[in-house]
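Colleague: Here you go, this is model_6.txt (compact mmCIF, C-alpha atoms).
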```txt
# COMPACT_ATOMS: atom_id res chain seq x y z
CA MET A 741 14.61 -80.32 15.23
CA LYS A 742 11.87 -77.70 14.60
CA PHE A 743 9.29 -78.52 12.00
CA ASP A 744 8.71 -75.83 9.32
CA TYR A 745 5.55 -76.76 7.47
CA LYS A 746 6.02 -74.02 4.87
CA LYS A 747 9.24 -75.66 3.74
CA ASP A 748 8.64 -79.35 4.61
CA ILE A 749 5.21 -79.73 2.99
CA SER A 750 5.19 -79.33 -0.73
CA PRO A 751 2.32 -77.30 -2.25
CA LYS A 752 1.71 -80.25 -4.53
CA TYR A 753 0.71 -82.43 -1.59
CA ILE A 754 -1.55 -79.75 -0.20
CA LEU A 755 -3.33 -79.54 -3.54
CA ILE A 756 -3.73 -83.33 -3.67
CA PHE A 757 -5.07 -83.33 -0.10
CA LEU A 758 -7.66 -80.66 -0.84
CA SER A 759 -8.69 -82.40 -4.03
CA VAL A 760 -9.28 -85.66 -2.15
CA ILE A 761 -11.42 -83.83 0.43
CA CYS A 762 -13.51 -82.18 -2.30
CA ILE A 763 -14.04 -85.54 -4.04
CA ALA A 764 -14.98 -87.16 -0.73
CA LEU A 765 -17.46 -84.46 0.10
CA THR A 766 -18.97 -84.73 -3.35
CA ILE A 767 -19.45 -88.50 -2.95
CA VAL A 768 -20.91 -88.12 0.53
CA SER A 769 -23.23 -85.38 -0.69
CA ALA A 770 -24.40 -87.55 -3.55
CA PHE A 771 -25.01 -90.79 -1.59
CA PHE A 772 -25.62 -89.48 1.93
CA PRO A 773 -27.33 -86.06 1.59
CA ASP A 774 -28.57 -86.04 5.16
CA VAL A 775 -25.05 -86.26 6.54
CA LEU A 776 -24.05 -82.84 5.09
CA LYS A 777 -27.39 -81.16 5.71
CA PRO A 778 -26.27 -79.48 8.98
CA VAL A 779 -23.14 -78.28 7.23
CA LYS A 780 -25.20 -76.79 4.40
CA GLU A 781 -27.52 -75.08 6.87
CA TYR A 782 -24.62 -73.64 8.82
CA THR A 783 -22.92 -72.57 5.63
CA GLY A 784 -26.14 -70.99 4.38
CA GLU A 785 -26.59 -69.06 7.62
CA LEU A 786 -23.04 -67.81 7.31
CA ILE A 787 -22.91 -67.09 3.60
CA THR A 788 -26.43 -65.66 3.06
CA PRO A 789 -25.85 -62.52 5.19
CA MET A 790 -22.50 -62.08 3.54
CA GLN A 791 -24.11 -62.40 0.13
CA GLN A 792 -26.82 -59.93 1.15
CA GLY A 793 -24.17 -57.53 2.34
CA VAL A 794 -22.30 -57.88 -0.93
CA ASN A 795 -25.55 -57.22 -2.82
CA ASP A 796 -26.23 -54.13 -0.70
CA ILE A 797 -22.72 -52.87 -1.31
CA GLY A 798 -23.20 -53.48 -5.02
CA LYS A 799 -26.46 -51.52 -5.06
CA TRP A 800 -24.83 -48.68 -3.07
CA VAL A 801 -21.92 -48.55 -5.48
CA GLU A 802 -24.32 -48.59 -8.43
CA LYS A 803 -26.28 -45.66 -7.00
CA LYS A 804 -23.08 -43.73 -6.36
CA ILE A 805 -22.00 -44.36 -9.93
CA GLU A 806 -25.37 -43.10 -11.15
CA VAL A 807 -25.10 -40.02 -8.92
CA PHE A 808 -21.56 -39.43 -10.10
CA GLY A 809 -22.80 -39.68 -13.68
CA ASP A 810 -25.58 -37.18 -12.91
CA VAL A 811 -23.06 -34.82 -11.29
CA GLU A 812 -20.80 -34.99 -14.32
CA GLU A 813 -23.80 -34.38 -16.56
CA LEU A 814 -24.85 -31.43 -14.40
CA ARG A 815 -21.33 -30.04 -14.52
CA ALA A 816 -21.29 -30.28 -18.28
CA GLU A 817 -24.73 -28.65 -18.44
CA ASN A 818 -23.59 -25.93 -16.04
CA THR A 819 -20.54 -25.21 -18.18
CA LYS A 820 -22.75 -25.01 -21.24
CA LEU A 821 -25.19 -22.67 -19.48
CA LYS A 822 -22.34 -20.46 -18.28
CA GLY A 823 -21.18 -20.14 -21.86
CA GLN A 824 -24.69 -19.22 -22.95
CA VAL A 825 -24.96 -16.63 -20.15
CA THR A 826 -21.63 -15.11 -21.19
CA ASN A 827 -22.80 -14.93 -24.80
CA LEU A 828 -26.06 -13.31 -23.72
CA GLN A 829 -24.21 -10.80 -21.54
CA ASN A 830 -21.95 -9.92 -24.46
CA GLU A 831 -24.98 -9.55 -26.70
CA VAL A 832 -26.73 -7.35 -24.13
CA GLY A 833 -23.60 -5.21 -23.82
CA LYS A 834 -23.43 -4.90 -27.58
CA GLN A 835 -27.11 -3.95 -27.78
CA GLU A 836 -26.70 -1.38 -25.01
CA ALA A 837 -23.70 0.13 -26.79
CA GLU A 838 -25.68 0.29 -30.04
CA LEU A 839 -28.63 1.90 -28.24
CA ALA A 840 -26.33 4.44 -26.63
CA GLU A 841 -24.80 5.20 -30.02
CA LEU A 842 -28.26 5.55 -31.51
CA GLN A 843 -29.31 7.89 -28.71
CA THR A 844 -26.18 9.95 -29.30
CA LEU A 845 -27.02 10.24 -32.98
CA ARG A 846 -30.58 11.26 -32.11
CA ASP A 847 -29.30 13.91 -29.69
CA LEU A 848 -26.93 15.27 -32.33
CA TYR A 849 -29.75 15.28 -34.86
CA ASP A 850 -32.00 17.20 -32.46
CA LEU A 851 -29.17 19.65 -31.78
CA ASP A 852 -28.61 20.07 -35.49
CA GLU A 853 -32.31 20.86 -35.92
CA LEU A 854 -32.06 23.65 -33.33
CA TYR A 855 -29.63 25.57 -35.56
CA PRO A 856 -30.64 24.77 -39.13
CA ASP A 857 -28.98 27.85 -40.65
CA TYR A 858 -25.45 26.60 -40.01
CA GLU A 859 -23.48 23.85 -41.72
CA LYS A 860 -22.10 21.39 -39.19
CA THR A 861 -20.13 18.18 -38.78
CA ALA A 862 -20.08 15.73 -35.88
CA ALA A 863 -16.88 14.94 -33.99
CA ARG A 864 -15.86 12.86 -30.98
CA VAL A 865 -13.79 13.93 -27.98
CA PHE A 866 -10.66 11.81 -27.54
CA SER A 867 -8.52 13.74 -25.05
CA VAL A 868 -9.08 16.20 -22.19
CA ASN A 869 -6.57 18.66 -20.78
CA SER A 870 -8.30 19.23 -17.47
CA SER A 871 -9.50 17.21 -14.52
CA GLY A 872 -13.15 17.36 -13.54
CA TRP A 873 -14.19 19.83 -16.25
CA PHE A 874 -14.12 19.73 -20.03
CA ASN A 875 -12.75 23.23 -20.25
CA GLU A 876 -10.24 22.30 -22.96
CA PHE A 877 -10.12 19.12 -25.01
CA TYR A 878 -9.37 17.58 -28.41
CA ILE A 879 -11.75 16.27 -31.06
CA ASP A 880 -11.06 13.70 -33.78
CA LYS A 881 -11.62 15.99 -36.78
CA GLY A 882 -9.64 18.88 -38.18
CA LEU A 883 -8.58 20.68 -41.35
CA ASN A 884 -9.35 17.68 -43.56
CA ASP A 885 -12.98 17.95 -42.42
CA GLY A 886 -13.28 21.69 -42.90
CA ILE A 887 -12.69 22.58 -39.24
CA TYR A 888 -10.60 25.71 -38.69
CA GLU A 889 -9.74 28.05 -35.84
CA GLY A 890 -12.82 30.04 -34.91
CA CYS A 891 -15.37 27.31 -35.58
CA ASN A 892 -18.06 27.31 -32.88
CA VAL A 893 -18.72 24.01 -31.12
CA LEU A 894 -22.11 22.79 -29.87
CA CYS A 895 -23.21 20.14 -27.41
CA ASP A 896 -26.41 19.19 -25.58
CA GLU A 897 -28.68 22.14 -26.49
CA GLY A 898 -26.25 25.00 -26.91
CA LEU A 899 -22.81 26.55 -27.01
CA LEU A 900 -19.88 24.46 -25.80
CA GLY A 901 -16.90 26.49 -26.96
CA ILE A 902 -14.71 27.38 -29.92
CA VAL A 903 -11.89 25.75 -31.90
CA VAL A 904 -8.57 27.40 -31.00
CA GLU A 905 -6.21 25.12 -32.95
CA SER A 906 -6.80 22.85 -35.91
CA TYR A 907 -4.58 20.24 -37.54
CA ASP A 908 -5.11 17.78 -40.38
CA ASP A 909 -7.16 15.24 -38.47
CA TYR A 910 -7.80 16.74 -35.03
CA ALA A 911 -8.49 20.05 -33.32
CA ARG A 912 -8.31 21.68 -29.90
CA VAL A 913 -11.46 23.18 -28.39
CA ARG A 914 -11.68 25.73 -25.58
CA ALA A 915 -14.96 25.67 -23.68
CA ILE A 916 -16.83 28.79 -22.56
CA ILE A 917 -16.22 27.84 -18.92
CA ASP A 918 -12.45 28.12 -19.30
CA ASP A 919 -10.90 30.98 -17.31
CA ARG A 920 -9.58 32.52 -20.55
CA ALA A 921 -12.98 32.51 -22.27
CA ASN A 922 -15.64 35.20 -22.53
CA VAL A 923 -18.68 35.44 -24.75
CA THR A 924 -20.71 38.48 -25.72
CA GLY A 925 -24.32 37.52 -25.13
CA GLU A 926 -27.89 38.77 -25.09
CA ILE A 927 -30.42 38.22 -22.34
CA GLY A 928 -34.18 37.85 -22.70
CA GLY A 929 -36.49 38.91 -25.45
CA ALA A 930 -35.21 42.50 -25.34
CA GLY A 931 -31.68 41.31 -26.07
CA TYR A 932 -29.84 43.10 -23.26
CA LEU A 933 -26.11 42.85 -23.87
CA CYS A 934 -23.83 41.10 -21.40
CA THR A 935 -20.45 39.40 -21.13
CA VAL A 936 -20.48 35.76 -20.07
CA GLU A 937 -17.21 35.16 -18.25
CA GLY A 938 -15.55 31.77 -18.16
CA SER A 939 -14.61 30.61 -14.67
CA LEU A 940 -13.94 27.13 -13.34
CA GLN A 941 -14.30 28.54 -9.82
CA THR A 942 -17.91 29.65 -10.32
CA MET A 943 -18.65 26.47 -12.27
CA ASP A 944 -17.75 24.52 -9.15
CA ASN A 945 -20.92 26.13 -7.76
CA GLY A 946 -22.89 25.39 -10.93
CA TYR A 947 -23.02 28.76 -12.66
CA LEU A 948 -21.26 31.34 -14.83
CA LEU A 949 -21.48 35.11 -14.43
CA ALA A 950 -23.07 37.39 -17.00
CA THR A 951 -21.63 40.85 -16.30
CA ASP A 952 -21.87 44.41 -17.69
CA ILE A 953 -25.67 44.30 -17.91
CA ASP A 954 -27.30 47.75 -18.06
CA LYS A 955 -28.73 48.75 -14.69
CA ASN A 956 -32.11 49.51 -16.30
CA ALA A 957 -32.37 46.13 -18.02
CA VAL A 958 -35.45 44.20 -16.91
CA ILE A 959 -34.28 40.64 -16.43
CA SER A 960 -36.10 37.73 -14.82
CA GLU A 961 -35.12 34.32 -13.56
CA GLY A 962 -35.34 31.79 -16.40
CA ASP A 963 -34.51 34.27 -19.19
CA LYS A 964 -32.50 32.71 -21.98
CA VAL A 965 -28.97 33.90 -22.69
CA ILE A 966 -27.79 33.56 -26.30
CA THR A 967 -24.74 34.61 -28.29
CA SER A 968 -24.97 38.18 -29.52
CA ASN A 969 -24.72 39.33 -33.10
CA VAL A 970 -22.04 41.84 -32.03
CA SER A 971 -19.68 39.08 -30.95
CA ASP A 972 -16.58 38.93 -33.13
CA ARG A 973 -16.05 35.18 -32.59
CA TYR A 974 -19.40 33.53 -31.94
CA LEU A 975 -22.25 33.13 -34.39
CA TYR A 976 -25.60 34.65 -33.49
CA GLY A 977 -28.42 32.96 -31.60
CA ILE A 978 -26.69 30.00 -29.94
CA THR A 979 -28.05 29.27 -26.46
CA ILE A 980 -25.52 29.76 -23.66
CA GLY A 981 -27.74 29.17 -20.64
CA TYR A 982 -30.51 30.55 -18.44
CA VAL A 983 -30.61 33.21 -15.73
CA THR A 984 -30.92 31.88 -12.19
CA SER A 985 -30.51 35.14 -10.26
CA ILE A 986 -29.55 38.79 -10.77
CA GLU A 987 -28.31 41.61 -8.56
CA GLN A 988 -27.23 45.23 -8.86
CA ASP A 989 -23.52 45.93 -8.87
CA SER A 990 -21.93 48.20 -6.26
CA ASN A 991 -21.24 50.86 -8.92
CA ASN A 992 -25.00 51.30 -9.45
CA LEU A 993 -24.37 51.34 -13.19
CA THR A 994 -24.56 47.66 -14.10
CA GLN A 995 -26.07 44.35 -13.03
CA THR A 996 -24.62 40.86 -12.76
CA ALA A 997 -26.57 37.66 -13.37
CA LYS A 998 -25.82 34.07 -12.54
CA ILE A 999 -26.57 31.75 -15.43
CA THR A 1000 -26.71 27.98 -15.66
CA PRO A 1001 -25.14 26.72 -18.92
CA THR A 1002 -27.11 24.33 -21.11
CA VAL A 1003 -24.07 22.09 -21.57
CA ASN A 1004 -22.96 19.49 -19.03
CA PHE A 1005 -19.24 20.26 -18.91
CA THR A 1006 -18.40 17.18 -16.83
CA ASP A 1007 -19.30 14.59 -19.46
CA ILE A 1008 -18.77 15.33 -23.15
CA LYS A 1009 -18.34 12.61 -25.75
CA ASP A 1010 -19.73 13.88 -29.05
CA VAL A 1011 -20.07 17.42 -30.39
CA LEU A 1012 -21.26 19.31 -33.43
CA VAL A 1013 -18.81 21.74 -35.02
CA ILE A 1014 -20.25 24.63 -37.02
CA LEU A 1015 -18.18 24.96 -40.15
CA ASP A 1016 -19.24 28.57 -40.76
CA ARG A 1017 -17.05 31.18 -39.09
CA LYS A 1018 -17.42 34.86 -38.37
CA GLN A 1019 -13.82 35.67 -39.13
CA GLU A 1020 -10.29 34.35 -38.68
CA VAL A 1021 -8.87 35.51 -35.37
CA ASN A 1022 -5.98 34.68 -33.10
CA TYR A 1023 -6.58 33.01 -29.74
```
Now, as a test, write the supplied structure out as structure tokens.
Modeller:
Amino acid sequence: MKFDYKKDISPKYILIFLSVICIALTIVSAFFPDVLKPVKEYTGELITPMQQGVNDIGKWVEKKIEVFGDVEELRAENTKLKGQVTNLQNEVGKQEAELAELQTLRDLYDLDELYPDYEKTAARVFSVNSSGWFNEFYIDKGLNDGIYEGCNVLCDEGLLGIVVESYDDYARVRAIIDDRANVTGEIGGAGYLCTVEGSLQTMDNGYLLATDIDKNAVISEGDKVITSNVSDRYLYGITIGYVTSIEQDSNNLTQTAKITPTVNFTDIKDVLVILDRKQEVNY
């Protein structure tokens, strides 16, 4: 019959056996210390390295816990700093927007000072009908602000265009570069008459044409072109641009000049509308 110690030996007897051994060893250790000395030495040689290893593992774990704590602290600090950076970026963006708005107001003020004889109101562009050029667009003021058809519109340092439709709280503006536009102007100190023709095609090359200039007119590069007093739609003395070149026409009766407008027609945000009008006309 096969002996199965797991079933045949009761745990109770094993406990009693171990207890007896422990008591015996205790008695021997107390009365015969030299007998167990080799055992103690052997046990010490075995246990001491194990204990040292356990201590080393404990120190390693402790360091890792400290590092983990530092990492968590650094993560929390990093999150906090990111929030501060975001706040600073938002504040910088806000300050830049305020500075840009302030610069816009200064530019409008300077423009207003160039034409002190006319009553004006500021308006903002909110919609453009063209691509690439601001040849026709809408502003956020209209009849309720005293803006009517025929009101001249200024930007940068000179003439931008004219109001062609006005409603209660917005208006449509046609710029002088539009193909349907033309302005009667004067060139130079002598005030030679000309017609500034709107043309998106020539504006692609950076200029407008001033035509119908008398063949005997003495015109130089850099001469200022302003709105003429004989114009039926535009008020007198508003700068249109400057002459860049001039040549005789084939008919030998007139000259044509290229002029560079004072307004940047690719980027318009704010304008001044002159509330005075020459007369009510249809466009």
Colleague: Using all atoms listed in the file, which of the listed residues (A:Leu828, A:Val865, A:Ala816, A:Val760) sits closest to A:Tyr910?
Modeller: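 Smallest distance to A:Tyr910 is found for A:Val865.
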Colleague: Per residue of stretch 850-935 of chain A within 12 Å of stretch 964-988 of chain A, which atom pair is closest and at what distance in Å (one decimal), using only C-alpha atoms, listed by chain and increasing number, as a Markdown table?
Modeller:
```
| residue | atom | partner | partner_atom | distance |
| --- | --- | --- | --- | --- |
| A:Leu851 | CA | A:Ile978 | CA | 10.8 |
| A:Asp852 | CA | A:Ile978 | CA | 11.5 |
| A:Leu854 | CA | A:Ile978 | CA | 9.0 |
| A:Tyr855 | CA | A:Ile978 | CA | 7.7 |
| A:Pro856 | CA | A:Ile978 | CA | 11.3 |
| A:Asp857 | CA | A:Gly977 | CA | 10.4 |
| A:Tyr858 | CA | A:Leu975 | CA | 9.2 |
| A:Glu859 | CA | A:Leu975 | CA | 11.9 |
| A:Glu889 | CA | A:Arg973 | CA | 10.1 |
| A:Gly890 | CA | A:Arg973 | CA | 6.5 |
| A:Cys891 | CA | A:Tyr974 | CA | 8.3 |
| A:Asn892 | CA | A:Tyr974 | CA | 6.4 |
| A:Val893 | CA | A:Tyr974 | CA | 9.6 |
| A:Leu894 | CA | A:Ile978 | CA | 8.5 |
| A:Cys895 | CA | A:Thr979 | CA | 10.4 |
| A:Asp896 | CA | A:Thr979 | CA | 10.3 |
| A:Glu897 | CA | A:Thr979 | CA | 7.2 |
| A:Gly898 | CA | A:Thr979 | CA | 4.7 |
| A:Leu899 | CA | A:Ile980 | CA | 5.4 |
| A:Leu900 | CA | A:Ile980 | CA | 8.0 |
| A:Gly901 | CA | A:Tyr974 | CA | 9.0 |
| A:Ile902 | CA | A:Tyr974 | CA | 8.0 |
| A:Val903 | CA | A:Arg973 | CA | 10.3 |
| A:Val904 | CA | A:Arg973 | CA | 10.9 |
| A:Ala915 | CA | A:Ile980 | CA | 11.3 |
| A:Ile916 | CA | A:Ile980 | CA | 8.8 |
| A:Ile917 | CA | A:Ile980 | CA | 10.6 |
| A:Ala921 | CA | A:Arg973 | CA | 11.1 |
| A:Asn922 | CA | A:Arg973 | CA | 10.1 |
| A:Val923 | CA | A:Thr967 | CA | 7.1 |
| A:Thr924 | CA | A:Ser971 | CA | 5.4 |
| A:Gly925 | CA | A:Thr967 | CA | 4.3 |
| A:Glu926 | CA | A:Ser968 | CA | 5.3 |
| A:Ile927 | CA | A:Val965 | CA | 4.6 |
| A:Gly928 | CA | A:Lys964 | CA | 5.5 |
| A:Gly929 | CA | A:Lys964 | CA | 8.1 |
| A:Ala930 | CA | A:Lys964 | CA | 10.7 |
| A:Gly931 | CA | A:Ser968 | CA | 8.2 |
| A:Tyr932 | CA | A:Val965 | CA | 9.3 |
| A:Leu933 | CA | A:Ser968 | CA | 7.4 |
| A:Cys934 | CA | A:Ser968 | CA | 8.7 |
| A:Thr935 | CA | A:Ser968 | CA | 9.6 |
```
Colleague: Could you please determine the separation between atom CA of A:Asp963 and atom CA of A:Gln941 in Å, to one decimal place?
Modeller: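 Those two atoms sit 23.0 Å apart.
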Colleague: Can you measure atom CA of A:Leu883 to atom CA of A:Leu1015 for me? One decimal in Å is fine.
Modeller: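 Atom-to-atom, atom CA of A:Leu883 and atom CA of A:Leu1015 are spaced 10.6 Å apart.
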Colleague: Report, in Å with one decimal, the straight-line distance from atom CA of A:Ile879 to atom CA of A:Asp909.
Modeller: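 So the two atoms, atom CA of A:Ile879 and atom CA of A:Asp909, lie 8.8 Å apart.
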Colleague: When distances are computed from all atoms listed in the file, which of A:Ile797, A:Met943, A:Val811, A:Ile754 shows the smallest separation from A:Thr1000?
Modeller: A:Met943
Colleague: Could you check the closest approach to A:Leu848 for each of A:Asn956, A:Asn875, A:Thr861, A:Asn991 and tell me which residue wins, using all atoms listed in the file?
Modeller: A:Thr861
Colleague: Check the smallest atom-to-atom distance from each of A:Asp1016, A:Gln824, A:Ile999, A:Asp919 to A:Ile887 using all atoms listed in the file, then report the winner.
Modeller: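 Among the listed residues, A:Asp1016 lies closest to A:Ile887.
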Colleague: Determine the nearest neighbour of A:Arg1017 from the options A:Lys860, A:Lys822, A:Arg846, A:Asn827, counting all atoms listed in the file.
Modeller: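 Among A:Lys860, A:Lys822, A:Arg846, A:Asn827, it is A:Lys860 that comes nearest to A:Arg1017.
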Colleague: Taking all listed atoms of stretch 906-909 of chain A, build the axis-aligned box, pad each of the six sides by 5 Å, then write its centre and edge lengths in Å to one decimal as JSON.
Modeller:
```
{"center_x": -5.9, "center_y": 19.0, "center_z": -38.1, "size_x": 12.6, "size_y": 17.6, "size_z": 14.5}
```
Colleague: For stretch 994-1004 of chain A, which lacks atoms in the input, supply all heavy atoms and format the output as a compact mmCIF listing (two decimals), in the coordinates of the input.
Modeller:
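Contents of the output file selection_12.txt:
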```txt
# COMPACT_ATOMS: atom_id res chain seq x y z
N THR A 994 -24.38 48.94 -13.40
CA THR A 994 -24.56 47.66 -14.10
C THR A 994 -25.17 46.62 -13.15
O THR A 994 -25.25 46.82 -11.93
CB THR A 994 -23.23 47.11 -14.63
OG1 THR A 994 -22.30 47.01 -13.54
CG2 THR A 994 -22.66 48.02 -15.71
N GLN A 995 -25.56 45.50 -13.78
CA GLN A 995 -26.07 44.35 -13.03
C GLN A 995 -25.23 43.11 -13.40
O GLN A 995 -24.60 43.07 -14.45
CB GLN A 995 -27.53 44.07 -13.39
CG GLN A 995 -28.49 45.23 -13.14
CD GLN A 995 -29.90 44.87 -13.56
OE1 GLN A 995 -30.60 44.13 -12.87
NE2 GLN A 995 -30.31 45.37 -14.72
N THR A 996 -25.28 42.13 -12.51
CA THR A 996 -24.62 40.86 -12.76
C THR A 996 -25.61 39.73 -12.53
O THR A 996 -26.33 39.73 -11.52
CB THR A 996 -23.39 40.66 -11.85
OG1 THR A 996 -22.42 41.68 -12.15
CG2 THR A 996 -22.76 39.29 -12.07
N ALA A 997 -25.64 38.79 -13.47
CA ALA A 997 -26.57 37.66 -13.37
C ALA A 997 -25.79 36.35 -13.28
O ALA A 997 -24.72 36.20 -13.88
CB ALA A 997 -27.52 37.63 -14.56
N LYS A 998 -26.33 35.44 -12.53
CA LYS A 998 -25.82 34.07 -12.54
C LYS A 998 -26.60 33.29 -13.58
O LYS A 998 -27.83 33.37 -13.62
CB LYS A 998 -25.97 33.42 -11.17
CG LYS A 998 -25.11 34.03 -10.09
CD LYS A 998 -25.32 33.31 -8.76
CE LYS A 998 -24.44 33.90 -7.67
NZ LYS A 998 -24.65 33.22 -6.36
N ILE A 999 -25.88 32.55 -14.42
CA ILE A 999 -26.57 31.75 -15.43
C ILE A 999 -26.10 30.29 -15.34
O ILE A 999 -24.94 30.02 -15.03
CB ILE A 999 -26.35 32.30 -16.85
CG1 ILE A 999 -24.87 32.18 -17.25
CG2 ILE A 999 -26.81 33.74 -16.98
CD1 ILE A 999 -24.62 32.49 -18.71
N THR A 1000 -27.02 29.41 -15.61
CA THR A 1000 -26.71 27.98 -15.66
C THR A 1000 -26.54 27.58 -17.12
O THR A 1000 -27.48 27.71 -17.90
CB THR A 1000 -27.83 27.15 -15.03
OG1 THR A 1000 -28.01 27.56 -13.67
CG2 THR A 1000 -27.49 25.67 -15.08
N PRO A 1001 -25.35 27.11 -17.51
CA PRO A 1001 -25.14 26.72 -18.92
C PRO A 1001 -26.02 25.53 -19.31
O PRO A 1001 -26.42 24.72 -18.49
CB PRO A 1001 -23.66 26.33 -18.96
CG PRO A 1001 -23.05 26.95 -17.75
CD PRO A 1001 -24.13 26.94 -16.71
N THR A 1002 -26.32 25.45 -20.60
CA THR A 1002 -27.11 24.33 -21.11
C THR A 1002 -26.28 23.07 -21.28
O THR A 1002 -26.82 21.97 -21.39
CB THR A 1002 -27.74 24.69 -22.47
OG1 THR A 1002 -26.69 25.01 -23.39
CG2 THR A 1002 -28.69 25.86 -22.34
N VAL A 1003 -24.96 23.22 -21.33
CA VAL A 1003 -24.07 22.09 -21.57
C VAL A 1003 -23.60 21.51 -20.24
O VAL A 1003 -23.28 22.24 -19.30
CB VAL A 1003 -22.85 22.51 -22.42
CG1 VAL A 1003 -21.86 21.37 -22.56
CG2 VAL A 1003 -23.30 22.99 -23.79
N ASN A 1004 -23.55 20.18 -20.18
CA ASN A 1004 -22.96 19.49 -19.03
C ASN A 1004 -21.46 19.35 -19.28
O ASN A 1004 -21.02 18.48 -20.03
CB ASN A 1004 -23.61 18.12 -18.85
CG ASN A 1004 -22.98 17.34 -17.71
OD1 ASN A 1004 -22.19 17.87 -16.94
ND2 ASN A 1004 -23.33 16.06 -17.61
```
